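**Student:** What follows is model_33.txt, compact mmCIF, C-alpha atoms.
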```
# COMPACT_ATOMS: atom_id res chain seq x y z
CA MET A 26 8.75 9.69 -45.75
CA LEU A 27 11.97 10.76 -44.01
CA MET A 28 14.75 8.55 -42.59
CA ILE A 29 15.75 9.93 -39.16
CA ALA A 30 19.03 8.09 -38.54
CA PRO A 31 20.72 4.86 -39.60
CA ILE A 32 21.01 2.17 -36.98
CA LEU A 33 24.22 0.23 -36.54
CA ASN A 34 24.40 -3.22 -38.07
CA SER A 35 24.85 -4.60 -34.58
CA VAL A 36 21.16 -3.90 -33.95
CA ASN A 37 20.32 -6.95 -35.97
CA SER A 38 22.88 -9.10 -34.14
CA GLY A 39 20.47 -9.70 -31.25
CA TRP A 40 21.89 -7.62 -28.38
CA PHE A 41 19.50 -4.73 -28.97
CA ASN A 42 15.73 -5.08 -29.35
CA PRO A 43 14.08 -1.86 -30.59
CA ASP A 44 10.67 -3.13 -29.48
CA THR A 45 11.69 -2.88 -25.80
CA PHE A 46 13.75 0.30 -26.11
CA VAL A 47 10.97 2.47 -24.69
CA THR A 48 10.63 0.17 -21.68
CA PHE A 49 14.39 0.41 -21.12
CA ILE A 50 14.31 4.23 -21.18
CA ILE A 51 11.34 4.35 -18.78
CA SER A 52 13.10 1.94 -16.38
CA ILE A 53 16.23 4.10 -16.37
CA LEU A 54 14.10 7.20 -15.76
CA ILE A 55 12.32 5.56 -12.81
CA ILE A 56 15.63 4.49 -11.25
CA ILE A 57 17.01 8.04 -11.57
CA VAL A 58 13.88 9.53 -9.98
CA VAL A 59 13.95 7.05 -7.05
CA LEU A 60 17.66 7.67 -6.41
CA TYR A 61 17.12 11.43 -6.58
CA THR A 62 14.23 11.47 -4.11
CA THR A 63 16.04 9.06 -1.76
CA TYR A 64 19.50 10.63 -1.60
CA HIS A 65 18.96 14.31 -2.43
CA LYS A 66 18.62 15.75 1.08
CA LYS A 67 17.41 19.24 0.14
CA SER A 68 14.71 17.71 -2.04
CA SER A 69 13.46 15.43 0.73
CA ASP A 70 13.45 18.22 3.35
CA LYS A 71 10.96 20.20 1.27
CA TYR A 72 8.66 17.23 0.77
CA LYS A 73 5.55 16.98 2.94
CA MET A 74 2.64 14.56 2.66
CA ARG A 75 -0.88 15.88 2.79
CA GLU A 76 -2.96 14.92 5.79
CA ILE A 77 -4.93 11.68 5.48
CA GLY A 78 -7.99 11.63 7.73
CA GLY A 79 -8.02 7.87 8.35
CA LEU A 80 -4.37 7.79 9.42
CA LYS A 81 -4.73 10.89 11.54
CA ALA A 82 -7.47 9.07 13.48
CA VAL A 83 -5.39 5.96 14.29
CA GLU A 84 -4.13 7.19 17.65
CA ASP A 85 -7.57 8.53 18.61
CA ALA A 86 -9.16 5.17 17.77
CA ILE A 87 -6.66 3.27 19.94
CA GLY A 88 -7.07 5.84 22.73
CA ARG A 89 -10.84 5.35 22.65
CA ALA A 90 -10.46 1.57 22.97
CA THR A 91 -8.10 2.06 25.93
CA GLU A 92 -10.50 4.41 27.73
CA MET A 93 -13.39 1.99 27.24
CA ALA A 94 -11.24 -1.01 28.31
CA HIS A 95 -12.10 -2.77 25.08
CA PRO A 96 -9.66 -4.36 22.60
CA VAL A 97 -8.56 -3.19 19.15
CA LEU A 98 -9.28 -5.65 16.33
CA TYR A 99 -7.11 -5.62 13.21
CA THR A 100 -7.91 -7.74 10.16
CA PRO A 101 -5.99 -7.87 6.85
CA GLY A 102 -8.93 -9.41 4.99
CA TRP A 103 -9.28 -12.78 3.31
CA GLY A 104 -8.14 -12.04 -0.25
CA GLY A 105 -4.40 -11.57 0.25
CA ASP A 106 -1.24 -13.50 1.01
CA ILE A 107 2.14 -12.46 2.34
CA GLN A 108 3.44 -11.63 -1.16
CA ARG A 109 0.79 -9.05 -2.04
CA PRO A 110 1.75 -5.36 -1.81
CA THR A 111 -1.43 -4.64 0.16
CA THR A 112 -0.45 -7.25 2.77
CA ILE A 113 3.04 -5.78 3.13
CA ALA A 114 1.57 -2.28 3.47
CA SER A 115 -0.89 -3.61 6.05
CA MET A 116 1.96 -5.17 8.06
CA ASN A 117 3.73 -1.81 8.15
CA ILE A 118 0.60 -0.16 9.55
CA LEU A 119 0.14 -3.05 11.99
CA SER A 120 3.60 -2.31 13.38
CA HIS A 121 2.59 1.26 14.20
CA VAL A 122 -0.77 0.19 15.66
CA ALA A 123 0.98 -2.43 17.81
CA GLU A 124 3.37 0.19 19.19
CA LYS A 125 0.44 2.36 20.29
CA THR A 126 -1.53 -0.52 21.82
CA ALA A 127 1.61 -1.53 23.75
CA GLU A 128 2.12 2.00 25.06
CA TYR A 129 -1.54 2.32 26.09
CA ASN A 130 -1.71 -1.27 27.44
CA CYS A 131 -4.63 -2.03 25.12
CA ARG A 132 -5.31 -5.54 23.84
CA LEU A 133 -4.70 -6.08 20.11
CA VAL A 134 -6.56 -8.95 18.38
CA TYR A 135 -5.42 -10.03 14.91
CA PRO A 136 -7.36 -12.85 13.18
CA THR A 137 -6.06 -14.07 9.81
CA HIS A 138 -6.80 -16.74 7.22
CA ASP A 139 -3.22 -17.63 6.36
CA PRO A 140 -0.70 -19.41 8.65
CA VAL A 141 2.26 -17.59 7.05
CA MET A 142 0.61 -14.22 7.60
CA MET A 143 -0.11 -15.24 11.19
CA ALA A 144 3.56 -16.06 11.82
CA VAL A 145 4.74 -12.80 10.24
CA ALA A 146 2.16 -10.77 12.18
CA GLN A 147 3.25 -12.39 15.44
CA GLU A 148 6.84 -11.32 14.80
CA VAL A 149 5.81 -7.81 13.73
CA VAL A 150 3.68 -7.26 16.84
CA LYS A 151 6.25 -8.85 19.16
CA GLU A 152 9.01 -6.62 17.76
CA SER A 153 6.79 -3.53 18.05
CA TYR A 154 6.03 -4.27 21.71
CA SER A 155 9.72 -4.75 22.44
CA ARG A 156 10.67 -1.58 20.57
CA VAL A 157 8.56 0.61 22.85
CA GLY A 158 9.72 -1.22 26.00
CA TYR A 159 6.74 -3.45 26.82
CA PRO A 160 7.60 -6.99 25.63
CA ASP A 161 5.67 -8.49 28.57
CA ARG A 162 2.39 -7.11 27.23
CA PHE A 163 2.59 -9.19 24.05
CA ASN A 164 0.16 -12.13 23.94
CA ILE A 165 0.90 -14.52 21.08
CA ASP A 166 -2.60 -16.07 21.35
CA ASP A 167 -4.20 -12.79 20.22
CA ILE A 168 -2.53 -13.18 16.79
CA MET A 169 -4.48 -16.16 15.51
CA TYR A 170 -5.32 -18.28 12.49
CA VAL A 171 -9.07 -18.86 12.19
CA SER A 172 -9.99 -20.31 8.79
CA SER A 173 -8.84 -20.36 5.17
CA SER A 174 -12.46 -20.49 3.98
CA GLN A 175 -13.70 -17.06 2.88
CA PHE A 176 -17.04 -17.07 4.64
CA GLY A 177 -15.70 -19.26 7.44
CA TYR A 178 -13.18 -16.49 8.05
CA ALA A 179 -15.91 -13.83 7.88
CA ALA A 180 -18.04 -15.79 10.38
CA ALA A 181 -15.09 -16.29 12.74
CA VAL A 182 -14.14 -12.59 12.70
CA ASP A 183 -17.79 -11.59 13.15
CA GLY A 184 -17.91 -13.89 16.17
CA LEU A 185 -14.79 -12.25 17.61
CA ILE A 186 -16.29 -8.81 17.08
CA SER A 187 -19.58 -9.83 18.73
CA ARG A 188 -17.88 -11.43 21.74
CA THR A 189 -14.97 -9.06 22.43
CA LYS A 190 -16.82 -5.84 21.44
CA PRO A 191 -13.73 -3.98 20.15
CA SER A 192 -14.03 -0.21 20.31
CA SER A 193 -11.81 0.21 17.25
CA ILE A 194 -11.54 -1.99 14.17
CA PHE A 195 -8.89 -1.78 11.46
CA LEU A 196 -9.84 -3.34 8.11
CA LEU A 197 -6.62 -2.88 6.14
CA GLY A 198 -5.49 -5.25 3.41
CA THR A 199 -7.03 -7.27 0.58
CA PHE A 200 -10.78 -7.79 0.89
CA GLU A 201 -13.32 -9.52 -1.26
CA ALA A 202 -16.98 -10.44 -0.62
CA GLU A 203 -16.42 -10.52 3.15
CA SER A 204 -15.76 -6.78 3.33
CA LEU A 205 -19.35 -5.62 3.85
CA ILE A 206 -20.08 -8.50 6.27
CA LEU A 207 -17.20 -7.44 8.52
CA ALA A 208 -17.84 -3.72 8.19
CA GLU A 209 -21.55 -4.05 8.97
CA THR A 210 -20.84 -6.13 12.07
CA GLY A 211 -18.36 -3.54 13.31
CA ASN A 212 -20.84 -0.79 12.57
CA SER A 213 -23.54 -2.60 14.56
CA ILE A 214 -21.49 -2.40 17.78
CA ASN A 215 -20.63 1.28 17.19
CA ALA A 216 -16.90 0.65 16.80
CA ILE A 217 -14.67 3.23 15.12
CA GLN A 218 -13.68 1.60 11.84
CA ILE A 219 -10.66 2.54 9.73
CA ALA A 220 -10.61 0.63 6.45
CA GLY A 221 -8.41 0.54 3.39
CA THR A 222 -7.86 -1.64 0.33
CA ASP A 223 -6.79 -1.44 -3.31
CA SER A 224 -9.97 -3.12 -4.55
CA THR A 225 -12.21 -0.55 -6.24
CA ILE A 226 -15.24 -2.83 -5.82
CA GLN A 227 -14.87 -3.25 -2.04
CA LEU A 228 -14.00 0.42 -1.43
CA ALA A 229 -17.64 1.34 -2.01
CA PHE A 230 -18.75 -0.86 0.91
CA PHE A 231 -16.07 0.52 3.21
CA ILE A 232 -16.98 4.12 2.39
CA VAL A 233 -20.61 3.41 3.32
CA ALA A 234 -20.03 1.35 6.50
CA CYS A 235 -16.77 2.70 7.99
CA ASP A 236 -15.78 5.97 9.64
CA TYR A 237 -12.56 6.42 7.65
CA THR A 238 -11.46 4.83 4.39
CA LEU A 239 -8.01 4.78 2.82
CA ILE A 240 -8.55 4.85 -0.93
CA GLY A 241 -6.12 2.94 -3.13
CA GLU A 242 -2.57 4.18 -2.81
CA GLU A 243 -3.27 5.92 0.51
CA LEU A 244 -2.89 2.44 1.99
CA PHE A 245 0.62 2.15 0.53
CA ALA A 246 1.60 5.63 1.69
CA ALA A 247 0.29 4.98 5.19
CA SER A 248 3.45 3.43 6.64
CA GLY A 249 5.51 6.43 5.57
CA TYR A 250 2.86 8.83 6.87
CA LEU A 251 2.69 7.15 10.28
CA SER A 252 6.39 6.48 10.79
CA GLY A 253 7.83 9.56 9.07
CA ASP A 254 10.52 7.28 7.58
CA ARG A 255 12.34 9.33 4.91
CA ARG A 256 13.05 6.28 2.76
CA ILE A 257 9.36 5.39 2.50
CA LEU A 258 8.39 9.03 1.93
CA ALA A 259 11.03 9.22 -0.83
CA SER A 260 9.40 6.28 -2.62
CA VAL A 261 6.00 8.00 -2.34
CA ARG A 262 7.46 11.17 -3.82
CA ALA A 263 9.06 9.18 -6.64
CA GLN A 264 5.60 7.79 -7.47
CA ASP A 265 4.14 11.30 -7.54
CA ILE A 266 6.89 12.53 -9.87
CA MET A 267 6.36 9.58 -12.22
CA LYS A 268 2.62 10.28 -12.29
CA VAL A 269 3.35 13.81 -13.49
CA VAL A 270 5.72 12.41 -16.12
CA ILE A 271 3.09 9.90 -17.29
CA ILE A 272 0.42 12.62 -17.52
CA LEU A 273 2.77 14.80 -19.59
CA ALA A 274 3.60 11.81 -21.81
CA LEU A 275 -0.11 11.15 -22.38
CA ILE A 276 -0.69 14.78 -23.33
CA LEU A 277 2.29 14.64 -25.70
CA ALA A 278 0.96 11.40 -27.22
CA VAL A 279 -2.43 12.98 -27.84
CA VAL A 280 -0.82 16.01 -29.52
CA TRP A 281 1.52 13.77 -31.53
CA SER A 282 -1.37 11.59 -32.68
CA SER A 283 -3.35 14.68 -33.66
CA ILE A 284 -0.44 15.93 -35.80
CA GLY A 285 -0.24 12.52 -37.43
CA LEU A 286 3.48 11.67 -37.15
CA ILE A 287 4.30 7.96 -37.06
CA PHE A 288 7.66 6.37 -36.20
CA LYS A 289 8.51 3.03 -37.77
CA PHE A 290 11.58 0.78 -37.57
CA GLU A 291 12.25 -0.89 -40.90
CA SER A 292 15.29 -2.37 -42.65
CA GLY A 293 17.66 -1.35 -39.84
CA ASN A 294 16.54 2.29 -39.87
CA TRP A 295 14.04 4.50 -38.05
CA TRP A 296 11.54 6.26 -40.37
CA VAL A 297 8.98 8.98 -39.68
CA PHE A 298 5.82 9.39 -41.76
```
In structure tokens, how does this file's structure come out?
**Tutor:**
Amino acid sequence: MLMIAPILNSVNSGWFNPDTFVTFIISILIIIVVLYTTYHKKSSDKYKMREIGGLKAVEDAIGRATEMAHPVLYTPGWGGDIQRPTTIASMNILSHVAEKTAEYNCRLVYPTHDPVMMAVAQEVVKESYSRVGYPDRFNIDDIMYVSSSQFGYAAAVDGLISRTKPSSIFLLGTFEAESLILAETGNSINAIQIAGTDSTIQLAFFIVACDYTLIGEELFAASGYLSGDRRILASVRAQDIMKVVIILALILAVVWSSIGLIFKFESGNWWVF
């Protein structure tokens, strides 16, 4: 047993907790990586996201709906609320979709289960229409609250799909048991369907029933991919760098465990066995 280094007596005074020291170091590392990817211009210029099939097809899907004189239907699913990361990511994509529907003069229908999400979506779509110069094309009644009941919501959206016959359907957000119901209904009218969620269970249904599926974090990277916003792309790159760091840390941990070294904090000192 070997003592590595004595720790100051102030450790025991309460201002320093060795149990959370690793978390502190990791937090500092993440902050440094995010700041580097955000503000280091040369680094960001070299960064390029790989092509994502579902996002590449967004404009084609909206163009198809315009040519067929049918609306675009966008649903964020039943399982989320305005605080969930998937909902925020979905709102960012909605902004881009709304810009395209405004430019093409294509109707955009957005049913939701939450009044707060409805209000936010109305503002997002209204702002997007104004940003591209067509505020008069915005129809607040197309951004609607239908039901907070899970299968009531699924039935209401299915009814909208059956009546309005949208040529393109976006299923992007948090989905639960209603995912296959919605996707199958869209599939039955031969609509182009672009889906995405962070639920591993529901992804299987989307992959089977939809034309394009955003898997996991592709949904979160979508807003940066579509907008080309350097700040969002910088955050995506920071995540990629941290993944590499975590993988290297796991490999190091496996090697360390195989060697058999153990660190232990005892009596104000760090020891290695």
**Student:** What are the closest atom pairs, with distances in Å to one decimal, for each residue of region 108-154 of chain A lying within 10 Å of region 206-229 of chain A, using only C-alpha atoms, rows by chain and rising residue number, as CSV?
**Tutor:**
```
residue,atom,partner,partner_atom,distance
A:Pro110,CA,A:Asp223,CA,9.5
A:Thr111,CA,A:Thr222,CA,7.1
A:Thr112,CA,A:Thr222,CA,9.6
A:Ala114,CA,A:Thr222,CA,10.0
A:Ser115,CA,A:Gly221,CA,9.0
```
**Student:** Quick one: which region 192-286 of chain A residues come within 8 Å of region 76-88 of chain A, and what is the nearest atom pair for each with the distance in Å to one decimal, counting only C-alpha atoms, rows ordered by chain and ascending number, as a Markdown table?
**Tutor:**
```
| residue | atom | partner | partner_atom | distance |
| --- | --- | --- | --- | --- |
| A:Ser192 | CA | A:Ala86 | CA | 7.7 |
| A:Ser193 | CA | A:Ala86 | CA | 5.6 |
| A:Ile217 | CA | A:Ala86 | CA | 6.4 |
| A:Ile219 | CA | A:Gly79 | CA | 6.1 |
| A:Ala220 | CA | A:Gly79 | CA | 7.9 |
| A:Tyr237 | CA | A:Gly79 | CA | 4.8 |
| A:Thr238 | CA | A:Gly79 | CA | 6.1 |
| A:Leu239 | CA | A:Gly79 | CA | 6.3 |
| A:Glu243 | CA | A:Ile77 | CA | 7.8 |
| A:Ala247 | CA | A:Leu80 | CA | 6.9 |
| A:Tyr250 | CA | A:Leu80 | CA | 7.7 |
| A:Leu251 | CA | A:Leu80 | CA | 7.1 |
```
**Student:** Compare A:Leu98, A:Met142, A:Ala202, A:Leu196 by their minimum atom-to-atom distance to Asp167 (chain A), counting only C-alpha atoms, and give me the closest one.
**Tutor:**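 Checking each of A:Leu98, A:Met142, A:Ala202, A:Leu196 against Asp167 (chain A), counting only C-alpha atoms, the winner is A:Leu98.
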**Student:** Grab the CA of Cys235 (chain A) to CA of Ser204 (chain A) distance for me, in Å with one decimal place.
**Tutor:**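 Rounded to one decimal, the two atoms are 10.6 Å apart.
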**Student:** Within 8 Å of region 49-63 of chain A, counting only C-alpha atoms, which residues qualify if same-chain residues fewer than 5 places away don't, as a PDB file with C-alpha atoms, keeping the file's coordinate frame?
**Tutor:**
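So selection.pdb came out as:
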```pdb
ATOM      1  CA  SER A  68      14.710  17.710  -2.040  1.00  0.00           C
ATOM      2  CA  SER A  69      13.460  15.430   0.730  1.00  0.00           C
ATOM      3  CA  ARG A 255      12.340   9.330   4.910  1.00  0.00           C
ATOM      4  CA  ARG A 256      13.050   6.280   2.760  1.00  0.00           C
ATOM      5  CA  ALA A 259      11.030   9.220  -0.830  1.00  0.00           C
ATOM      6  CA  SER A 260       9.400   6.280  -2.620  1.00  0.00           C
ATOM      7  CA  ARG A 262       7.460  11.170  -3.820  1.00  0.00           C
ATOM      8  CA  ALA A 263       9.060   9.180  -6.640  1.00  0.00           C
ATOM      9  CA  ILE A 266       6.890  12.530  -9.870  1.00  0.00           C
ATOM     10  CA  MET A 267       6.360   9.580 -12.220  1.00  0.00           C
TER      11      MET A 267
END
```
**Student:** Please determine, counting only C-alpha atoms, which residue among A:Ala179, A:Cys131, A:Met169, A:Ile186 has the shortest atom-to-atom distance to Glu92 (chain A).
**Tutor:** A:Cys131
**Student:** So how many Å separate CA of Val261 (chain A) and CA of Met116 (chain A), to one decimal?
**Tutor:**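 Computed distance, CA of Val261 (chain A) to CA of Met116 (chain A), equals 17.3 Å.
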